[in-house]
>>> print(open('model.cif').read())   # mmCIF, C-alpha atoms
data_upload
loop_
_atom_site.label_atom_id
_atom_site.label_comp_id
_atom_site.auth_asym_id
_atom_site.auth_seq_id
_atom_site.Cartn_x
_atom_site.Cartn_y
_atom_site.Cartn_z
CA MET A 410 12.86 47.79 55.38
CA LYS A 411 10.67 47.92 52.33
CA ILE A 412 7.76 45.48 51.99
CA VAL A 413 7.10 44.32 48.51
CA GLY A 414 3.43 43.44 48.11
CA ASP A 415 2.02 42.85 44.65
CA SER A 416 5.14 43.99 42.94
CA GLU A 417 6.87 42.41 39.98
CA HIS A 418 9.12 40.58 42.38
CA PHE A 419 6.61 37.82 43.18
CA LYS A 420 5.40 37.16 39.65
CA GLN A 421 6.60 34.09 37.91
CA PRO A 422 9.32 34.97 35.40
CA PHE A 423 7.46 33.43 32.47
CA ASP A 424 3.85 34.37 33.26
CA HIS A 425 3.45 36.71 30.31
CA ASP A 426 6.19 35.42 28.04
CA ASP A 427 4.69 34.04 24.82
CA GLU A 428 8.08 32.89 23.55
CA TYR A 429 8.79 30.64 26.51
CA VAL A 430 10.05 27.22 25.45
CA SER A 431 10.15 24.42 27.97
CA ARG A 432 13.32 22.43 28.45
CA ALA A 433 11.63 19.33 27.01
CA GLU A 434 10.53 21.26 23.92
CA ALA A 435 14.03 22.64 23.46
CA LYS A 436 15.47 19.12 23.67
CA ARG A 437 12.98 17.86 21.09
CA GLU A 438 13.95 20.70 18.76
CA ILE A 439 17.65 19.94 19.23
CA ALA A 440 16.97 16.27 18.48
CA VAL A 441 15.31 17.26 15.19
CA TYR A 442 18.43 19.19 14.18
CA GLN A 443 20.71 16.32 15.15
CA ASP A 444 18.60 13.77 13.25
CA LEU A 445 18.72 15.99 10.20
CA GLY A 446 22.49 16.27 10.70
CA ILE A 447 22.78 12.47 10.71
CA LYS A 448 20.85 12.33 7.42
CA LEU A 449 23.12 14.96 5.91
CA VAL A 450 26.27 13.10 6.98
CA ALA A 451 24.90 9.95 5.30
CA LEU A 452 24.63 11.72 1.92
CA SER A 453 27.30 11.52 -0.75
CA LYS A 454 29.41 14.56 -1.65
CA SER A 455 27.52 15.07 -4.92
CA GLN A 456 24.20 15.00 -3.08
CA LEU A 457 25.52 17.55 -0.57
CA ASP A 458 26.59 19.80 -3.44
CA LYS A 459 23.00 19.86 -4.70
CA LEU A 460 21.75 21.14 -1.32
CA GLU A 461 23.68 24.43 -1.47
CA LEU A 462 24.56 24.43 2.23
CA ASP A 463 26.32 27.10 4.26
CA GLU A 464 30.09 26.75 3.83
CA SER A 465 30.89 26.02 7.49
CA LEU A 466 28.04 23.50 7.73
CA TYR A 467 29.17 21.82 4.49
CA ASP A 468 32.78 21.60 5.71
CA ASN A 469 31.74 20.16 9.07
CA ILE A 470 29.52 17.55 7.41
CA LEU A 471 32.48 16.45 5.29
CA LYS A 472 34.66 16.40 8.41
CA ALA A 473 32.10 14.17 10.18
CA LYS A 474 32.54 11.61 7.40
CA THR A 475 36.18 11.22 8.42
CA ILE A 476 35.41 10.52 12.09
CA ARG A 477 34.82 6.92 13.13
CA ILE A 478 31.16 6.19 13.84
CA ASN A 479 30.11 5.14 17.37
CA THR A 480 32.79 7.23 19.04
CA GLU A 481 32.37 10.10 21.45
CA ALA A 482 34.06 12.46 18.98
CA TYR A 483 31.50 11.54 16.31
CA ARG A 484 28.61 12.15 18.71
CA ARG A 485 30.02 15.54 19.75
CA HIS A 486 30.60 16.51 16.13
CA LEU A 487 27.00 15.64 15.25
CA GLN A 488 25.88 17.87 18.13
CA TYR A 489 28.02 20.66 16.70
CA ILE A 490 26.45 20.17 13.27
CA GLY A 491 23.04 20.40 14.94
CA LYS A 492 24.12 23.64 16.60
CA LEU A 493 25.23 25.06 13.24
CA MET A 494 21.87 24.17 11.70
CA ARG A 495 19.96 26.24 14.27
CA HIS A 496 20.83 29.33 12.25
CA ILE A 497 19.36 28.10 8.96
CA ASP A 498 15.80 27.54 7.74
CA ILE A 499 15.15 23.91 8.64
CA GLU A 500 11.96 23.57 6.56
CA GLU A 501 13.79 24.71 3.44
CA LEU A 502 16.66 22.31 4.14
CA GLN A 503 14.26 19.39 4.73
CA ALA A 504 12.46 20.15 1.45
CA ALA A 505 15.77 20.31 -0.43
CA LEU A 506 16.90 17.04 1.19
CA LYS A 507 13.64 15.34 0.22
CA ASN A 508 14.07 16.61 -3.35
CA VAL A 509 17.64 15.27 -3.57
CA LEU A 510 16.59 11.87 -2.23
CA ASN A 511 13.67 11.68 -4.68
CA GLN A 512 15.99 12.53 -7.57
CA ASN A 513 18.16 9.58 -6.62
CA ARG A 514 15.14 7.27 -6.50
CA ASN A 515 14.04 8.51 -9.91
CA GLU A 516 17.53 7.97 -11.30
CA SER A 517 17.69 4.43 -9.98
CA SER A 518 14.23 3.62 -11.34
CA LYS A 519 15.21 5.03 -14.75
CA GLN A 520 18.34 2.88 -14.60
CA ASN A 521 16.25 -0.21 -13.81
CA VAL A 522 13.85 0.49 -16.69
CA ALA A 523 16.78 1.01 -19.06
CA GLU A 524 18.41 -2.26 -17.93
CA LYS A 525 15.18 -4.22 -18.44
CA THR A 526 14.66 -2.63 -21.85
CA LYS A 527 18.24 -3.51 -22.81
CA ASP A 528 17.65 -7.15 -21.82
CA LEU A 529 14.46 -7.22 -23.90
CA LEU A 530 16.26 -5.75 -26.90
CA LEU A 531 19.18 -8.17 -26.65
CA SER A 532 16.87 -11.19 -26.46
CA GLY A 533 14.10 -9.92 -28.77
CA GLY A 534 16.10 -8.60 -31.74
CA ASP A 535 14.41 -6.55 -34.47
CA ASP A 536 10.88 -7.25 -33.24
CA ALA A 537 11.72 -5.78 -29.81
CA ILE A 538 13.42 -2.79 -31.47
CA GLN A 539 10.34 -2.17 -33.61
CA ALA A 540 8.03 -2.38 -30.58
CA LEU A 541 10.23 0.07 -28.66
CA ILE A 542 10.34 2.53 -31.57
CA GLU A 543 6.54 2.38 -31.87
CA GLN A 544 6.33 3.23 -28.18
CA TYR A 545 9.08 5.92 -28.34
CA PRO A 546 9.31 7.41 -31.86
CA ALA A 547 12.22 9.71 -30.87
CA LEU A 548 14.59 6.72 -30.73
CA GLU A 549 16.85 6.08 -33.73
CA ARG A 550 16.28 2.62 -35.22
CA GLN A 551 19.72 2.42 -36.83
CA LYS A 552 21.54 3.35 -33.63
CA LEU A 553 19.50 0.84 -31.61
CA ARG A 554 20.12 -1.98 -34.11
CA GLN A 555 23.83 -1.20 -34.22
CA LEU A 556 24.20 -1.16 -30.42
CA VAL A 557 22.14 -4.36 -30.04
CA ARG A 558 24.15 -6.15 -32.72
CA GLN A 559 27.50 -5.08 -31.18
CA ALA A 560 26.37 -5.99 -27.66
CA ASN A 561 25.22 -9.46 -28.75
CA LYS A 562 28.51 -10.00 -30.58
CA GLU A 563 30.53 -8.94 -27.52
CA LEU A 564 28.45 -11.09 -25.18
CA THR A 565 28.89 -14.21 -27.35
CA LYS A 566 32.67 -13.78 -27.15
CA LYS A 567 32.77 -13.16 -23.39
CA PRO A 568 29.42 -13.99 -21.76
CA GLU A 569 30.65 -13.35 -18.20
CA ALA A 570 32.02 -9.86 -18.96
CA THR A 571 30.00 -6.69 -19.25
CA SER A 572 29.66 -5.45 -22.79
CA LYS A 573 30.75 -1.92 -23.64
CA SER A 574 28.00 -1.69 -26.27
CA ALA A 575 25.41 -2.94 -23.79
CA THR A 576 26.45 -0.18 -21.40
CA GLU A 577 26.17 2.38 -24.21
CA LEU A 578 22.74 0.95 -25.07
CA VAL A 579 21.57 1.42 -21.49
CA LYS A 580 22.86 5.01 -21.47
CA TYR A 581 21.12 5.78 -24.76
CA ILE A 582 17.83 4.27 -23.62
CA LYS A 583 18.02 6.06 -20.26
CA ALA A 584 18.73 9.40 -21.94
CA GLU A 585 15.99 9.11 -24.57
CA ILE A 586 13.18 7.52 -22.59
CA THR A 587 11.86 10.01 -20.05
CA GLU A 588 8.67 8.86 -18.44
#
>>> encode(input="model.cif", output="structure tokens")
Amino acid sequence: MKIVGDSEHFKQPFDHDDEYVSRAEAKREIAVYQDLGIKLVALSKSQLDKLELDESLYDNILKAKTIRINTEAYRRHLQYIGKLMRHIDIEELQAALKNVLNQNRNESSKQNVAEKTKDLLLSGGDDAIQALIEQYPALERQKLRQLVRQANKELTKKPEATSKSATELVKYIKAEITE
């Protein structure tokens, strides 16, 4: 019988392992992937297209949108999405996600500014158009006056309906005013 004294047999398996990850740390890491997966599933298809995801991850995110929420199948599918994301650079994906979400906020704020400007133009007339042109010289006075006149005419006929010219005015303002 061989006696094993100070041999490798009695050392702890992870004494000199710098890459050791505790079970709790592994669970926290998995939770980060799953939380990111939940955020990705909540995005629209156009937002997902901007992220340039791996094809299998993209397909599985779209598949998750078809599964009823608060079911066991949905939970398991989110875990699978988290597993797929372990093979990609999570920092890069988080930065891209943040960028996509900020673009949407910027778009909605531009839309709000354009809507408020449209309301000012419709109520203010030529004085409001002149003030806007002084602030943004790239705008065309004739086009603005024409759109405002048409929108006011359409709104007097049907005040409860949305005016086609008013919508065009908002699009023009949003496209030309970039602050």
>>> atom_distance(input="model.cif", atom1="atom CA of Ala560 of chain A", atom2="atom CA of Lys573 of chain A")
7.2 Å
>>> closest_residue(input="model.cif", among="A:Lys507, A:Lys492, A:Lys566, A:Arg558", to="Ile538 of chain A", atoms="all atoms listed in the file")
A:Arg558
>>> atom_distance(input="model.cif", atom1="atom CA of Val557 of chain A", atom2="atom CA of Gly534 of chain A")
7.6 Å
>>> resolve_selection(input="model.cif", expression="the PyMOL selection byres ((chain A and resi 459-466) around 7)", output="number ranges by chain")
A: 455-458, 467-470, 490, 493, 505-506
>>> residues_around(input="model.cif", residues="segment 512-523 of chain A", least_positions_apart="2", cutoff="6 Å", atoms="only C-alpha atoms", output="PDB file with C-alpha atoms, keeping the file's coordinate frame")
ATOM      1  CA  VAL A 509      17.640  15.270  -3.570  1.00  0.00           C
ATOM      2  CA  LEU A 510      16.590  11.870  -2.230  1.00  0.00           C
ATOM      3  CA  LYS A 525      15.180  -4.220 -18.440  1.00  0.00           C
ATOM      4  CA  THR A 526      14.660  -2.630 -21.850  1.00  0.00           C
ATOM      5  CA  VAL A 579      21.570   1.420 -21.490  1.00  0.00           C
ATOM      6  CA  ILE A 582      17.830   4.270 -23.620  1.00  0.00           C
ATOM      7  CA  LYS A 583      18.020   6.060 -20.260  1.00  0.00           C
TER       8      LYS A 583
END
>>> closest_residue(input="model.cif", among="A:Ile497, A:Leu502, A:Leu531, A:Leu452", to="Thr565 of chain A", atoms="only C-alpha atoms")
A:Leu531
>>> atom_distance(input="model.cif", atom1="atom CA of Ala540 of chain A", atom2="atom CA of Ser572 of chain A")
23.2 Å
>>> closest_residue(input="model.cif", among="A:Asp498, A:Glu585, A:Glu577, A:Asp528", to="Tyr545 of chain A", atoms="only C-alpha atoms")
A:Glu585
>>> decode(input="model.cif", residues="segment 560-583 of chain A", atoms="N, CA and C atoms", output="JSON list (two decimals), in the first residue's frame")
[["chain", "number", "residue", "atom", "x", "y", "z"],
["A", 560, "ALA", "N", -53.06, 73.35, -44.09],
["A", 560, "ALA", "CA", -53.42, 72.68, -42.83],
["A", 560, "ALA", "C", -54.55, 73.42, -42.13],
["A", 561, "ASN", "N", -54.47, 74.75, -42.08],
["A", 561, "ASN", "CA", -55.54, 75.53, -41.45],
["A", 561, "ASN", "C", -56.86, 75.36, -42.20],
["A", 562, "LYS", "N", -56.79, 75.32, -43.53],
["A", 562, "LYS", "CA", -57.99, 75.13, -44.33],
["A", 562, "LYS", "C", -58.61, 73.76, -44.06],
["A", 563, "GLU", "N", -57.77, 72.72, -44.01],
["A", 563, "GLU", "CA", -58.27, 71.37, -43.75],
["A", 563, "GLU", "C", -58.85, 71.25, -42.34],
["A", 564, "LEU", "N", -58.22, 71.91, -41.38],
["A", 564, "LEU", "CA", -58.69, 71.81, -40.00],
["A", 564, "LEU", "C", -59.98, 72.59, -39.77],
["A", 565, "THR", "N", -60.24, 73.64, -40.58],
["A", 565, "THR", "CA", -61.51, 74.35, -40.42],
["A", 565, "THR", "C", -62.66, 73.52, -40.97],
["A", 566, "LYS", "N", -62.38, 72.71, -42.00],
["A", 566, "LYS", "CA", -63.42, 71.85, -42.56],
["A", 566, "LYS", "C", -63.74, 70.69, -41.62],
["A", 567, "LYS", "N", -62.70, 70.03, -41.12],
["A", 567, "LYS", "CA", -62.88, 68.88, -40.22],
["A", 567, "LYS", "C", -61.94, 69.04, -39.02],
["A", 568, "PRO", "N", -62.39, 69.75, -37.99],
["A", 568, "PRO", "CA", -61.50, 70.01, -36.85],
["A", 568, "PRO", "C", -61.10, 68.76, -36.06],
["A", 569, "GLU", "N", -61.95, 67.72, -36.08],
["A", 569, "GLU", "CA", -61.63, 66.53, -35.29],
["A", 569, "GLU", "C", -60.66, 65.59, -36.02],
["A", 570, "ALA", "N", -60.52, 65.73, -37.32],
["A", 570, "ALA", "CA", -59.66, 64.84, -38.11],
["A", 570, "ALA", "C", -58.23, 65.37, -38.12],
["A", 571, "THR", "N", -57.31, 64.49, -38.44],
["A", 571, "THR", "CA", -55.92, 64.93, -38.58],
["A", 571, "THR", "C", -55.71, 65.40, -40.01],
["A", 572, "SER", "N", -55.05, 66.49, -40.15],
["A", 572, "SER", "CA", -54.83, 67.11, -41.44],
["A", 572, "SER", "C", -53.62, 66.49, -42.13],
["A", 573, "LYS", "N", -53.77, 66.19, -43.41],
["A", 573, "LYS", "CA", -52.67, 65.64, -44.19],
["A", 573, "LYS", "C", -51.55, 66.68, -44.31],
["A", 574, "SER", "N", -51.91, 67.92, -44.51],
["A", 574, "SER", "CA", -50.92, 68.99, -44.63],
["A", 574, "SER", "C", -50.20, 69.23, -43.31],
["A", 575, "ALA", "N", -50.94, 69.10, -42.21],
["A", 575, "ALA", "CA", -50.30, 69.26, -40.89],
["A", 575, "ALA", "C", -49.27, 68.16, -40.66],
["A", 576, "THR", "N", -49.59, 66.95, -41.10],
["A", 576, "THR", "CA", -48.64, 65.84, -40.98],
["A", 576, "THR", "C", -47.42, 66.09, -41.85],
["A", 577, "GLU", "N", -47.62, 66.60, -43.05],
["A", 577, "GLU", "CA", -46.50, 66.94, -43.93],
["A", 577, "GLU", "C", -45.66, 68.06, -43.32],
["A", 578, "LEU", "N", -46.32, 69.03, -42.67],
["A", 578, "LEU", "CA", -45.62, 70.12, -42.02],
["A", 578, "LEU", "C", -44.72, 69.60, -40.91],
["A", 579, "VAL", "N", -45.24, 68.67, -40.12],
["A", 579, "VAL", "CA", -44.44, 68.08, -39.04],
["A", 579, "VAL", "C", -43.24, 67.35, -39.62],
["A", 580, "LYS", "N", -43.45, 66.59, -40.68],
["A", 580, "LYS", "CA", -42.34, 65.85, -41.31],
["A", 580, "LYS", "C", -41.28, 66.80, -41.83],
["A", 581, "TYR", "N", -41.72, 67.89, -42.46],
["A", 581, "TYR", "CA", -40.78, 68.88, -43.01],
["A", 581, "TYR", "C", -39.98, 69.54, -41.88],
["A", 582, "ILE", "N", -40.66, 69.95, -40.85],
["A", 582, "ILE", "CA", -39.99, 70.60, -39.72],
["A", 582, "ILE", "C", -39.00, 69.63, -39.08],
["A", 583, "LYS", "N", -39.43, 68.40, -38.87],
["A", 583, "LYS", "CA", -38.58, 67.38, -38.22],
["A", 583, "LYS", "C", -37.33, 67.11, -39.06]]
